[in-house]
Amino acid sequence: MTPTDDLRNRLRRALDEAIPTGSTDADTRFLDSEIDELLTDAAYLEAAAAEGWTRKAARAISERGGLEESSVGSEKLKFVSIDSYRRHCLDMAALYRARVPGVGSRVLAFEAPDVLGAAQS
């Protein structure tokens, strides 16, 4: 697909990666150039979203350096576990992959005919 502002915004929404007000793409997990790459490499927005969620899963540990908890003074932050976050990302990737037109479609599926009883073995 050819990236446009509308497609970039739709993909960012699908990836739960909105640019914060007053910020830039550098304040998200995906720069505009990475969003454009996802869109360019995909035939459908859903395929781009599936790949984006897969990349988010792959980055789970490096994003937080493996941290699940952090404290400074009396302030303590506890993050969702990295395994839970990664599982969520992969579940979202599977959800969008299933929405790609033609993927998993029974219209395109067929069973090979049993030729000379070969299937009885």
# chains A, B, ... in the order shown; residues from 1 in each chain; ligands from 1
>>> residues_around(residues="region 83-94 of chain A", least_positions_apart="3", cutoff="7 Å", atoms="only C-alpha atoms", output="short mmCIF file (atom, residue, chain, number, x, y, z; two decimals) with C-alpha atoms, in the first residue's frame")
data_model
loop_
_atom_site.label_atom_id
_atom_site.label_comp_id
_atom_site.auth_asym_id
_atom_site.auth_seq_id
_atom_site.Cartn_x
_atom_site.Cartn_y
_atom_site.Cartn_z
CA ALA A 49 -1.36 -4.24 11.87
CA ALA A 50 -0.56 -7.94 12.36
CA GLU A 51 3.10 -7.31 11.55
CA TRP A 53 1.77 -6.20 16.78
CA THR A 54 4.31 -8.96 16.09
CA LYS A 56 5.73 -4.98 19.48
CA ALA A 57 5.89 -8.50 20.96
CA ALA A 60 8.78 -6.34 24.78
CA VAL A 80 2.13 -5.79 33.57
CA ARG A 97 -3.99 -11.62 10.67
CA ALA A 98 -7.36 -13.42 10.73
#
>>> closest_residue(among="A:Met1, A:Ile82, A:Ile61, A:Ile19", to="Leu31 (chain A)", atoms="only C-alpha atoms")
A:Ile19
>>> atom_distance(atom1="CA of Ser62 (chain A)", atom2="CA of Glu34 (chain A)")
17.2 Å
>>> residues_around(residues="Arg12 (chain A)", least_positions_apart="2", cutoff="12 Å", atoms="only C-alpha atoms", output="VMD selection string")
chain A and resid 5 to 10 14 to 20 25 28 to 32 34 to 36 38 to 39 45 to 46 48 to 50 52 to 53
>>> atom_distance(atom1="CA of Gly22 (chain A)", atom2="CA of Pro3 (chain A)")
22.6 Å
>>> atom_distance(atom1="CA of Thr40 (chain A)", atom2="CA of Asp27 (chain A)")
21.9 Å
>>> select_by_dssp(residues="chain A", states="strand (DSSP E)", output="PyMOL selection string")
chain A and resi 69-72+75-78
>>> write_last_selection(atoms="N, CA and C atoms", output="PDB file, in the first residue's frame")
ATOM      1  N   GLU A  69       9.095  -4.006  37.471  1.00  0.00           N
ATOM      2  CA  GLU A  69       8.827  -3.168  38.623  1.00  0.00           C
ATOM      3  C   GLU A  69       9.952  -2.157  38.758  1.00  0.00           C
ATOM      4  N   SER A  70       9.611  -0.943  39.174  1.00  0.00           N
ATOM      5  CA  SER A  70      10.602   0.104  39.342  1.00  0.00           C
ATOM      6  C   SER A  70      10.208   0.970  40.529  1.00  0.00           C
ATOM      7  N   SER A  71      11.182   1.405  41.297  1.00  0.00           N
ATOM      8  CA  SER A  71      10.860   2.296  42.408  1.00  0.00           C
ATOM      9  C   SER A  71      11.935   3.365  42.539  1.00  0.00           C
ATOM     10  N   VAL A  72      11.480   4.569  42.851  1.00  0.00           N
ATOM     11  CA  VAL A  72      12.355   5.704  43.104  1.00  0.00           C
ATOM     12  C   VAL A  72      11.823   6.364  44.364  1.00  0.00           C
ATOM     13  N   GLU A  75       8.066   6.256  45.560  1.00  0.00           N
ATOM     14  CA  GLU A  75       7.224   5.987  44.394  1.00  0.00           C
ATOM     15  C   GLU A  75       7.577   4.635  43.788  1.00  0.00           C
ATOM     16  N   LYS A  76       6.553   3.833  43.564  1.00  0.00           N
ATOM     17  CA  LYS A  76       6.765   2.490  43.020  1.00  0.00           C
ATOM     18  C   LYS A  76       5.831   2.258  41.838  1.00  0.00           C
ATOM     19  N   LEU A  77       6.398   1.773  40.730  1.00  0.00           N
ATOM     20  CA  LEU A  77       5.618   1.445  39.538  1.00  0.00           C
ATOM     21  C   LEU A  77       5.717  -0.056  39.293  1.00  0.00           C
ATOM     22  N   LYS A  78       4.579  -0.675  39.083  1.00  0.00           N
ATOM     23  CA  LYS A  78       4.566  -2.104  38.733  1.00  0.00           C
ATOM     24  C   LYS A  78       3.913  -2.225  37.366  1.00  0.00           C
TER      25      LYS A  78
END
